[in-house]
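Scroll down for the structure; my scribbles are underneath it.
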Amino acid sequence: MRCSCTYRLLILSAGLWSTAAISQETSTPFDLGTIVISSTKRDVSDLALPIASTVLSAEDVPVQTLDPTEEIARQSPGTNFVDNSRFSDSYLTMRGVATLGNSLNNLDNTVGFSIDGVPTSISGLNAPLLDVDRIEVLKGPQGTTFGRNALAGSINIVSRVADGVRQRKVELGFGTDGFGLIEATSGGWIVPGKLAARGVIRLETFDGDIPNLVIGGTDGAADISAGRVALRFTPDDTLTIDVAATFSKNENTDPSNILRETARIPISGQDIRPRNEQQIANASVTVEKEFEALRFTSVTSFQDVRTEADSDFTDAFLFAAASGLPPTFFNNPNQDVLFFNEDERIFNQEFRLSSLDGAPLKWVFGASYFQSDFDFSRFGTSTVFPGFNGTVNNVIDSETIALFGDASVSLGKRWTISGGLRFARDEQTLRGNYISNGFPGTVPTFLQNVRFSDDYTTGRAALSYAWSDQISAYASIARGYSSGGFEKGTQFAPFGAASVPFRPAQSWTYEIGTKAQITDNLRFDGAFFFNDVSDGQLSAFDAPTLTVFFANQDYESYGFEGRVNTSITSRLNVSAGISLIETKLVNVTAASAAAGAAPGNKVPQVPEMAANLRVNYRFNLNQSGVQGNFVASASYQFVGERFSDIRNAGRLPSYHLVNLRLGWQNDKLSVYAFANNVFDRRYLHSAVPIVAGASASYAGRGRIVGVGLSVEW
């Protein structure tokens, strides 16, 4: 009888546990020591931070991961990544706070995403992660120190700094479906004690695993090239200057709108090879100067993010099922195709003053300036959807100026009060230009030049109580904000209608939680939360009437999330997380109802339950005459049922994933085998019904099995 993924993992866990229990303890213990969070713009012990958080190590998201943002989300309770094939259309949800449909523009996100504290936009999601030290996931509104569009929370990738530690490393990997990897890392001193450098280069390939039955071959391929260089200059003990530059190019052939209702899912009926490309170049300079009573920090960054996509909008099998016509009717590579080009240039400048480490009053005060210049171009021909015909060339310029402050004050031996405020102004302009291709019902041309601005305040307040140095409880309230603005595709321009700005989304979030280092080998975090969101940004497409809807809609979410990490023995470490979330739409307006919203409907793309389990095991082989360690890890990830759309018509089934890795390593050499998605679960990111029996869906990646080798000298 075939056993479930959960059962198999329990067997594996039990086997590892029993092996450890009967063996002599000779390995170095797993470290559950102090975790430092830097996303709050000042280093804080995670145990003392009255914010629910998940901190992942570089090993939790290994270099073999082709979809790093998705992997981060599945290991962070309450977080979900929605991959809509095109890079600039994918987004994150957290704790039931989400975009209600598709993202409306490059800045329409509810979860902030940053690298070393520098925010990026939706276009920068799912880029390859290089030279990672740790990943910090903070839950609840983080607008106080993070800035715009952290309504639900934030994710900050913390890179390794050039610290002078000598390292020379090469890693190679090979696997099924043409998977290949090579990564080289080098670091050390250029001028001892003064100037250090680190550099990483990575190349990664995958041939794809979705059969294309129209043009042959497979879709779903990936081709990644990336590199990062970091310098650190320390002329004296009080001044540090970090300079970093990164370039990445990420190409895939993930198909869009494939048919869900087929036993062979996923299969592609695209009559051109899909092409999605993301290219990112960024540079940053961070200057930190310590004075007698405070620290000054300046962060300057520039990003250039370019995405392109070519796709057949009418997948042959999907539209054959929807229309009753044969699939060959839709196999015209010159018809029903869309070509997208998006180019965004982001400049960010932040100045901060903060308290020194160990100061009795912990505080940070700063000012920031954010600018995004976004160019959107789309060319399309469609026999099905009139609005997809013609050429769109739009420019969206966005600007945010903000002042912020955050502080933590001790109220005696056990009580601490903390909080912060952010005052900001958003401005966004849209310059739109539509040119028809002559499709009936569309206007020849349409120009528009419109502007949106808003002043707003976000903040948080928390009261925490320390039961001991290692156990605390807290209660907090936070105000969140997600920017308003203009829909990037100007969907109504083909019909001569001007774009109307969508309103900002705002929220109140209430939370009670605890963080407890119960013993040196046992850590537990848990939190209950409630989110009250007003004017959530809604988008919907009604296929039968060919109508696009944009509206603002209120909703609520509440639930529990928890995480435990324990070193059962010096050889065996187990961590697990769970989230339980309920959501509902409230105060449904006439505009939202026209888009399919109804009171009590669930918020799209929010799993009612999600869970993860990770088991790490290592065994010192020295006693058996072999130098080094045997290492093994197994991870189990569960994502529960959720809906794709605001109508709650497209219910997505739950899915389970199991990843395995085992090998041998010493200080210089590592040899390993890995299997991602061991049982080849072809899960879905989205599935929206066009008609009964025909749903447009996006499928996740299947099983990859391979081997790898890394060498250091």
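Residue names in the structure tokens use chain letters A, B, ... in the order shown, residue numbers from 1 in each chain, and ligand numbers from 1 in the order shown.
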Who sits within 9 Å of Ile646 (chain A), only C-alpha atoms, same chain under 6 positions skipped, as a list of chain:residue names
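What passes the distance filter is A:Leu100, A:Gly101, A:Leu538, A:Ser539, A:Ala540, A:Ala595, A:Gly596, A:Ala597, A:Ala598, A:Asn601, A:Lys602, A:Val603, A:Pro604.
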Output file for the selection above: all heavy atoms, as a compact mmCIF listing (two decimals), in the first residue's frame:
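New file result_10.txt:
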# COMPACT_ATOMS: atom_id res chain seq x y z
N LEU A 100 -5.70 41.40 -3.75
CA LEU A 100 -6.96 40.73 -4.04
C LEU A 100 -7.08 40.51 -5.55
O LEU A 100 -7.85 41.16 -6.25
CB LEU A 100 -8.14 41.55 -3.52
CG LEU A 100 -8.10 41.87 -2.02
CD1 LEU A 100 -9.30 42.72 -1.62
CD2 LEU A 100 -8.06 40.59 -1.19
N GLY A 101 -6.31 39.58 -6.06
CA GLY A 101 -6.25 39.34 -7.50
C GLY A 101 -4.82 39.46 -7.95
O GLY A 101 -3.90 39.00 -7.28
N LEU A 538 -8.21 45.40 -5.31
CA LEU A 538 -8.86 44.27 -5.94
C LEU A 538 -8.77 44.38 -7.46
O LEU A 538 -9.00 45.45 -8.03
CB LEU A 538 -10.32 44.19 -5.50
CG LEU A 538 -11.21 43.05 -6.01
CD1 LEU A 538 -12.35 42.81 -5.02
CD2 LEU A 538 -11.81 43.34 -7.38
N SER A 539 -8.45 43.27 -8.10
CA SER A 539 -8.53 43.18 -9.56
C SER A 539 -9.12 41.84 -9.92
O SER A 539 -8.85 40.83 -9.27
CB SER A 539 -7.15 43.34 -10.21
OG SER A 539 -6.31 42.26 -9.87
N ALA A 540 -9.95 41.82 -10.96
CA ALA A 540 -10.60 40.58 -11.38
C ALA A 540 -10.90 40.65 -12.86
O ALA A 540 -11.10 41.74 -13.43
CB ALA A 540 -11.89 40.34 -10.59
N ALA A 595 -17.33 42.58 -9.44
CA ALA A 595 -16.14 41.79 -9.74
C ALA A 595 -16.25 40.37 -9.22
O ALA A 595 -15.34 39.56 -9.45
CB ALA A 595 -14.91 42.46 -9.14
N GLY A 596 -17.35 40.06 -8.51
CA GLY A 596 -17.55 38.71 -8.01
C GLY A 596 -17.38 38.55 -6.53
O GLY A 596 -17.52 37.45 -6.00
N ALA A 597 -17.05 39.64 -5.81
CA ALA A 597 -16.89 39.54 -4.36
C ALA A 597 -18.25 39.38 -3.70
O ALA A 597 -19.26 39.89 -4.17
CB ALA A 597 -16.19 40.79 -3.83
N ALA A 598 -18.25 38.67 -2.57
CA ALA A 598 -19.46 38.49 -1.78
C ALA A 598 -19.08 38.47 -0.32
O ALA A 598 -17.98 38.02 0.04
CB ALA A 598 -20.16 37.18 -2.18
N ASN A 601 -16.70 35.79 1.55
CA ASN A 601 -15.74 35.13 0.66
C ASN A 601 -14.34 35.18 1.26
O ASN A 601 -13.98 36.12 1.98
CB ASN A 601 -15.72 35.79 -0.71
CG ASN A 601 -16.79 35.24 -1.64
OD1 ASN A 601 -17.71 34.56 -1.20
ND2 ASN A 601 -16.69 35.57 -2.92
N LYS A 602 -13.54 34.17 0.94
CA LYS A 602 -12.17 34.11 1.45
C LYS A 602 -11.26 35.02 0.63
O LYS A 602 -11.49 35.26 -0.56
CB LYS A 602 -11.63 32.68 1.37
CG LYS A 602 -12.48 31.65 2.10
CD LYS A 602 -12.43 31.83 3.60
CE LYS A 602 -13.15 30.69 4.30
NZ LYS A 602 -13.14 30.85 5.78
N VAL A 603 -10.21 35.52 1.27
CA VAL A 603 -9.18 36.29 0.58
C VAL A 603 -8.39 35.33 -0.31
O VAL A 603 -7.98 34.26 0.14
CB VAL A 603 -8.24 36.99 1.58
CG1 VAL A 603 -7.07 37.65 0.87
CG2 VAL A 603 -9.02 38.01 2.40
N PRO A 604 -8.19 35.67 -1.59
CA PRO A 604 -7.47 34.76 -2.49
C PRO A 604 -6.04 34.49 -2.04
O PRO A 604 -5.39 35.33 -1.43
CB PRO A 604 -7.49 35.51 -3.83
CG PRO A 604 -8.59 36.49 -3.73
CD PRO A 604 -8.68 36.87 -2.28
Self-check item: Who sits within 7 Å of region 373-380 of chain A, only C-alpha atoms, same chain under 6 positions skipped, as a ChimeraX atom specification
Solution: /A:337-346,388-398,488
Exercise. Skip region 399-411 of chain A itself and residues of its chain fewer than 4 positions away, then list as a PyMOL selection string all residues within 7 Å of it, counting only C-alpha atoms.
Key: chain A and resi 144-145+361-372+415-428
Could you pull the residues within 8 Å of Val161 (chain A), counting only C-alpha atoms, minus those fewer than 3 positions along the same chain, as a list in words?
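The filter keeps Arg198, Ala230, Leu231, Arg232 and Asp242 of chain A.
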Correct to one decimal, the distance CA of Asp207 (chain A)-CA of Gly180 (chain A) is 9.3 Å
Write out as a VMD selection string which residues come within 10 Å of Gln64 (chain A) when counting only C-alpha atoms, dropping same-chain ones fewer than 4 positions away.
chain A and resid 68 172 to 175 179 to 182 204 674 to 676 704 706 708
Could you take the residues named above and write them with C-alpha atoms, as a compact mmCIF listing (two decimals), in the first residue's frame?
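As written to disk, selection_8.txt reads:
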# COMPACT_ATOMS: atom_id res chain seq x y z
CA PRO A 68 14.10 30.78 -3.71
CA LEU A 172 29.21 21.71 -8.82
CA GLY A 173 25.86 19.97 -9.21
CA PHE A 174 24.08 17.81 -11.78
CA GLY A 175 20.58 16.37 -11.87
CA PHE A 179 19.77 20.41 -14.04
CA GLY A 180 23.27 21.84 -13.76
CA LEU A 181 25.01 24.16 -11.28
CA ILE A 182 28.41 25.76 -10.85
CA GLU A 204 22.45 27.26 -13.18
CA PHE A 674 19.66 15.60 -3.19
CA ALA A 675 16.04 15.16 -4.22
CA ASN A 676 13.67 18.12 -4.37
CA ILE A 704 14.66 17.11 -9.42
CA GLY A 706 20.89 15.10 -8.44
CA GLY A 708 26.81 17.69 -5.97
Of A:Asp254, A:Asp455, A:Asp667, A:Glu511, the one sitting nearest Ala475 (chain A) when using only C-alpha atoms is A:Glu511
Residue contacts of Arg95 (chain A) (12 Å, only C-alpha atoms) excluding same-chain residues fewer than 2 positions away, as an mmCIF file with N, CA, C and O atoms, in the first residue's frame:
data_model
loop_
_atom_site.group_PDB
_atom_site.id
_atom_site.type_symbol
_atom_site.label_atom_id
_atom_site.label_comp_id
_atom_site.auth_asym_id
_atom_site.auth_seq_id
_atom_site.Cartn_x
_atom_site.Cartn_y
_atom_site.Cartn_z
ATOM 1 N N ALA A 52 6.523 38.894 15.713
ATOM 2 C CA ALA A 52 6.662 37.507 15.275
ATOM 3 C C ALA A 52 7.652 37.438 14.118
ATOM 4 O O ALA A 52 7.625 38.265 13.208
ATOM 5 N N ALA A 73 8.937 31.201 1.487
ATOM 6 C CA ALA A 73 7.544 31.300 1.915
ATOM 7 C C ALA A 73 7.066 30.007 2.571
ATOM 8 O O ALA A 73 6.398 30.029 3.615
ATOM 9 N N SER A 76 8.161 29.669 6.136
ATOM 10 C CA SER A 76 7.780 30.759 7.035
ATOM 11 C C SER A 76 6.284 30.662 7.292
ATOM 12 O O SER A 76 5.484 30.987 6.407
ATOM 13 N N PRO A 77 5.857 30.201 8.451
ATOM 14 C CA PRO A 77 4.429 29.994 8.707
ATOM 15 C C PRO A 77 3.593 31.221 8.360
ATOM 16 O O PRO A 77 3.942 32.351 8.711
ATOM 17 N N GLY A 78 2.497 30.995 7.629
ATOM 18 C CA GLY A 78 1.584 32.076 7.279
ATOM 19 C C GLY A 78 1.933 32.826 6.020
ATOM 20 O O GLY A 78 1.244 33.779 5.662
ATOM 21 N N THR A 79 2.994 32.405 5.297
ATOM 22 C CA THR A 79 3.451 33.106 4.099
ATOM 23 C C THR A 79 3.228 32.234 2.873
ATOM 24 O O THR A 79 3.442 31.023 2.925
ATOM 25 N N ASN A 80 2.790 32.844 1.767
ATOM 26 C CA ASN A 80 2.555 32.102 0.535
ATOM 27 C C ASN A 80 3.088 32.911 -0.642
ATOM 28 O O ASN A 80 2.907 34.128 -0.702
ATOM 29 N N LEU A 92 3.627 37.941 -3.009
ATOM 30 C CA LEU A 92 3.593 37.241 -1.725
ATOM 31 C C LEU A 92 2.345 37.618 -0.944
ATOM 32 O O LEU A 92 1.838 38.748 -1.051
ATOM 33 N N THR A 93 1.859 36.676 -0.134
ATOM 34 C CA THR A 93 0.835 36.972 0.856
ATOM 35 C C THR A 93 1.383 36.570 2.223
ATOM 36 O O THR A 93 2.269 35.717 2.332
ATOM 37 N N VAL A 97 -3.132 38.658 4.623
ATOM 38 C CA VAL A 97 -3.115 39.992 4.013
ATOM 39 C C VAL A 97 -2.509 39.828 2.624
ATOM 40 O O VAL A 97 -1.379 39.355 2.486
ATOM 41 N N ALA A 98 -3.270 40.236 1.590
ATOM 42 C CA ALA A 98 -2.866 39.873 0.238
ATOM 43 C C ALA A 98 -3.389 40.870 -0.782
ATOM 44 O O ALA A 98 -4.329 41.630 -0.525
ATOM 45 N N THR A 110 1.910 43.681 -0.760
ATOM 46 C CA THR A 110 1.580 43.825 0.655
ATOM 47 C C THR A 110 2.679 43.284 1.562
ATOM 48 O O THR A 110 2.615 43.449 2.779
ATOM 49 N N VAL A 111 3.685 42.619 0.977
ATOM 50 C CA VAL A 111 4.826 42.106 1.740
ATOM 51 C C VAL A 111 6.084 42.774 1.204
ATOM 52 O O VAL A 111 6.416 42.648 0.025
ATOM 53 N N LEU A 138 9.726 39.066 9.028
ATOM 54 C CA LEU A 138 9.005 39.717 10.116
ATOM 55 C C LEU A 138 7.526 39.786 9.768
ATOM 56 O O LEU A 138 7.162 40.200 8.662
ATOM 57 N N LYS A 139 6.651 39.414 10.715
ATOM 58 C CA LYS A 139 5.216 39.348 10.478
ATOM 59 C C LYS A 139 4.522 40.583 11.043
ATOM 60 O O LYS A 139 4.943 41.157 12.045
ATOM 61 N N GLY A 140 3.441 40.962 10.398
ATOM 62 C CA GLY A 140 2.703 42.148 10.804
ATOM 63 C C GLY A 140 3.252 43.381 10.120
ATOM 64 O O GLY A 140 4.346 43.363 9.546
ATOM 65 N N PRO A 141 2.527 44.510 10.128
ATOM 66 C CA PRO A 141 2.955 45.726 9.430
ATOM 67 C C PRO A 141 4.352 46.168 9.858
ATOM 68 O O PRO A 141 4.644 46.286 11.047
ATOM 69 N N LEU A 151 2.547 46.121 4.372
ATOM 70 C CA LEU A 151 1.268 46.031 5.067
ATOM 71 C C LEU A 151 1.151 44.736 5.861
ATOM 72 O O LEU A 151 0.619 44.716 6.972
ATOM 73 N N ALA A 152 1.634 43.624 5.298
ATOM 74 C CA ALA A 152 1.511 42.323 5.946
ATOM 75 C C ALA A 152 2.760 41.923 6.706
ATOM 76 O O ALA A 152 2.695 41.142 7.655
ATOM 77 N N GLY A 153 3.921 42.429 6.281
ATOM 78 C CA GLY A 153 5.190 42.045 6.875
ATOM 79 C C GLY A 153 6.317 42.312 5.902
ATOM 80 O O GLY A 153 6.125 42.974 4.871
ATOM 81 N N SER A 154 7.486 41.799 6.205
ATOM 82 C CA SER A 154 8.637 42.051 5.338
ATOM 83 C C SER A 154 9.588 40.860 5.370
ATOM 84 O O SER A 154 9.647 40.108 6.341
ATOM 85 N N THR A 509 -3.492 46.016 12.938
ATOM 86 C CA THR A 509 -3.119 44.647 13.285
ATOM 87 C C THR A 509 -2.903 44.547 14.789
ATOM 88 O O THR A 509 -2.171 45.353 15.375
ATOM 89 N N TYR A 510 -3.555 43.552 15.393
ATOM 90 C CA TYR A 510 -3.450 43.309 16.829
ATOM 91 C C TYR A 510 -2.820 41.932 17.034
ATOM 92 O O TYR A 510 -3.195 40.964 16.364
ATOM 93 N N GLU A 511 -1.884 41.847 17.984
ATOM 94 C CA GLU A 511 -1.129 40.608 18.132
ATOM 95 C C GLU A 511 -0.731 40.383 19.583
ATOM 96 O O GLU A 511 -0.377 41.331 20.288
ATOM 97 N N ALA A 527 2.183 33.086 18.180
ATOM 98 C CA ALA A 527 1.478 34.370 18.159
ATOM 99 C C ALA A 527 0.060 34.182 17.634
ATOM 100 O O ALA A 527 -0.178 33.395 16.708
ATOM 101 N N PHE A 528 -0.877 34.905 18.240
ATOM 102 C CA PHE A 528 -2.229 35.064 17.727
ATOM 103 C C PHE A 528 -2.337 36.475 17.138
ATOM 104 O O PHE A 528 -1.789 37.429 17.707
ATOM 105 N N PHE A 529 -3.064 36.605 16.027
ATOM 106 C CA PHE A 529 -3.133 37.914 15.370
ATOM 107 C C PHE A 529 -4.515 38.146 14.764
ATOM 108 O O PHE A 529 -5.261 37.194 14.482
ATOM 109 N N PHE A 530 -4.826 39.417 14.572
ATOM 110 C CA PHE A 530 -6.053 39.832 13.890
ATOM 111 C C PHE A 530 -5.724 41.029 13.012
ATOM 112 O O PHE A 530 -5.125 42.000 13.481
ATOM 113 N N ASN A 531 -6.100 40.959 11.733
ATOM 114 C CA ASN A 531 -5.866 42.041 10.778
ATOM 115 C C ASN A 531 -7.197 42.603 10.298
ATOM 116 O O ASN A 531 -8.059 41.844 9.824
ATOM 117 N N ASP A 532 -7.346 43.897 10.391
ATOM 118 C CA ASP A 532 -8.535 44.601 9.891
ATOM 119 C C ASP A 532 -8.067 45.519 8.764
ATOM 120 O O ASP A 532 -7.455 46.559 9.011
ATOM 121 N N VAL A 533 -8.321 45.110 7.509
ATOM 122 C CA VAL A 533 -7.791 45.808 6.343
ATOM 123 C C VAL A 533 -8.913 46.556 5.636
ATOM 124 O O VAL A 533 -9.963 45.969 5.338
ATOM 125 N N GLU A 556 -10.910 40.959 6.527
ATOM 126 C CA GLU A 556 -10.327 40.650 7.824
ATOM 127 C C GLU A 556 -9.621 39.302 7.762
ATOM 128 O O GLU A 556 -9.981 38.427 6.969
ATOM 129 N N SER A 557 -8.633 39.145 8.611
ATOM 130 C CA SER A 557 -7.983 37.845 8.773
ATOM 131 C C SER A 557 -7.543 37.688 10.224
ATOM 132 O O SER A 557 -7.219 38.671 10.892
ATOM 133 N N TYR A 558 -7.558 36.459 10.683
ATOM 134 C CA TYR A 558 -7.102 36.186 12.041
ATOM 135 C C TYR A 558 -6.576 34.759 12.090
ATOM 136 O O TYR A 558 -6.900 33.919 11.230
ATOM 137 N N GLY A 559 -5.745 34.489 13.088
ATOM 138 C CA GLY A 559 -5.214 33.138 13.166
ATOM 139 C C GLY A 559 -4.098 32.987 14.172
ATOM 140 O O GLY A 559 -3.854 33.863 15.020
ATOM 141 N N PHE A 560 -3.405 31.865 14.045
ATOM 142 C CA PHE A 560 -2.301 31.511 14.934
ATOM 143 C C PHE A 560 -1.145 30.992 14.091
ATOM 144 O O PHE A 560 -1.334 30.327 13.069
ATOM 145 N N GLU A 561 0.060 31.307 14.533
ATOM 146 C CA GLU A 561 1.245 30.716 13.921
ATOM 147 C C GLU A 561 2.229 30.364 15.030
ATOM 148 O O GLU A 561 2.325 31.055 16.053
ATOM 149 N N ILE A 578 3.825 26.002 11.944
ATOM 150 C CA ILE A 578 2.442 25.824 11.514
ATOM 151 C C ILE A 578 1.737 27.167 11.528
ATOM 152 O O ILE A 578 2.076 28.061 12.323
ATOM 153 N N SER A 579 0.784 27.339 10.621
ATOM 154 C CA SER A 579 -0.072 28.520 10.628
ATOM 155 C C SER A 579 -1.500 28.089 10.352
ATOM 156 O O SER A 579 -1.747 27.188 9.534
ATOM 157 N N LEU A 580 -2.445 28.706 11.056
ATOM 158 C CA LEU A 580 -3.887 28.503 10.870
ATOM 159 C C LEU A 580 -4.503 29.871 10.658
ATOM 160 O O LEU A 580 -4.401 30.744 11.538
ATOM 161 N N ILE A 581 -5.136 30.087 9.508
ATOM 162 C CA ILE A 581 -5.603 31.425 9.147
ATOM 163 C C ILE A 581 -7.026 31.355 8.602
ATOM 164 O O ILE A 581 -7.333 30.518 7.746
ATOM 165 N N GLU A 582 -7.868 32.245 9.082
ATOM 166 C CA GLU A 582 -9.213 32.441 8.538
ATOM 167 C C GLU A 582 -9.317 33.855 7.983
ATOM 168 O O GLU A 582 -8.788 34.799 8.586
ATOM 169 N N THR A 583 -9.983 33.986 6.858
ATOM 170 C CA THR A 583 -10.162 35.306 6.237
ATOM 171 C C THR A 583 -11.607 35.460 5.771
ATOM 172 O O THR A 583 -12.307 34.469 5.536
ATOM 173 N N VAL A 603 -10.211 35.523 1.275
ATOM 174 C CA VAL A 603 -9.181 36.292 0.576
ATOM 175 C C VAL A 603 -8.395 35.330 -0.314
ATOM 176 O O VAL A 603 -7.976 34.263 0.137
ATOM 177 N N PRO A 604 -8.186 35.673 -1.590
ATOM 178 C CA PRO A 604 -7.471 34.762 -2.487
ATOM 179 C C PRO A 604 -6.040 34.492 -2.037
ATOM 180 O O PRO A 604 -5.385 35.334 -1.433
ATOM 181 N N GLN A 605 -5.593 33.272 -2.351
ATOM 182 C CA GLN A 605 -4.205 32.842 -2.186
ATOM 183 C C GLN A 605 -3.731 32.831 -0.732
ATOM 184 O O GLN A 605 -2.554 33.044 -0.441
ATOM 185 N N VAL A 606 -4.646 32.539 0.186
ATOM 186 C CA VAL A 606 -4.291 32.405 1.601
ATOM 187 C C VAL A 606 -4.626 30.988 2.055
ATOM 188 O O VAL A 606 -5.800 30.641 2.208
ATOM 189 N N PRO A 607 -3.633 30.126 2.262
ATOM 190 C CA PRO A 607 -3.913 28.772 2.751
ATOM 191 C C PRO A 607 -4.515 28.815 4.146
ATOM 192 O O PRO A 607 -4.022 29.530 5.027
ATOM 193 N N GLU A 608 -5.570 28.033 4.346
ATOM 194 C CA GLU A 608 -6.178 27.971 5.670
ATOM 195 C C GLU A 608 -5.233 27.333 6.681
ATOM 196 O O GLU A 608 -5.271 27.654 7.865
ATOM 197 N N MET A 609 -4.390 26.427 6.197
ATOM 198 C CA MET A 609 -3.390 25.800 7.054
ATOM 199 C C MET A 609 -2.121 25.589 6.242
ATOM 200 O O MET A 609 -2.171 25.261 5.056
ATOM 201 N N ALA A 610 -0.994 25.819 6.865
ATOM 202 C CA ALA A 610 0.301 25.522 6.255
ATOM 203 C C ALA A 610 1.222 25.026 7.361
ATOM 204 O O ALA A 610 1.090 25.426 8.523
#
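Every protein, DNA or RNA residue with an atom at most 9 Å from Arg682 (chain A), where only C-alpha atoms count and chain neighbours fewer than 3 positions away do not, is listed here: Ile265, Pro266, Tyr655, Ala699, Gly700, Arg701, Gly702 and Arg703 of chain A.
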TODO: Figure out the distance between CA of Asp271 (chain A) and CA of Phe330 (chain A), please, to one decimal in Å.
DONE: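 Interatomic distance here is 8.1 Å.
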Next on the checklist: So the first atom is CA of Arg503 (chain A) and the second is CA of Ala150 (chain A); what is the distance between them in Å, to one decimal place?
Outcome noted: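 If I compute the distance from CA of Arg503 (chain A) to CA of Ala150 (chain A), I get 15.9 Å.
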Could you pull out the strand (DSSP E) residues of region 182-339 of chain A from DSSP and send them as a PyMOL selection string? chain A and resi 182-191+195-206+210-211+218-219+222-236+239-252+258-259+275-290+295-312+337-339
For Ser483 (chain A), the closest of A:Asn84, A:Ser453, A:Asn565, A:Ser382 counting only C-alpha atoms is A:Ser453
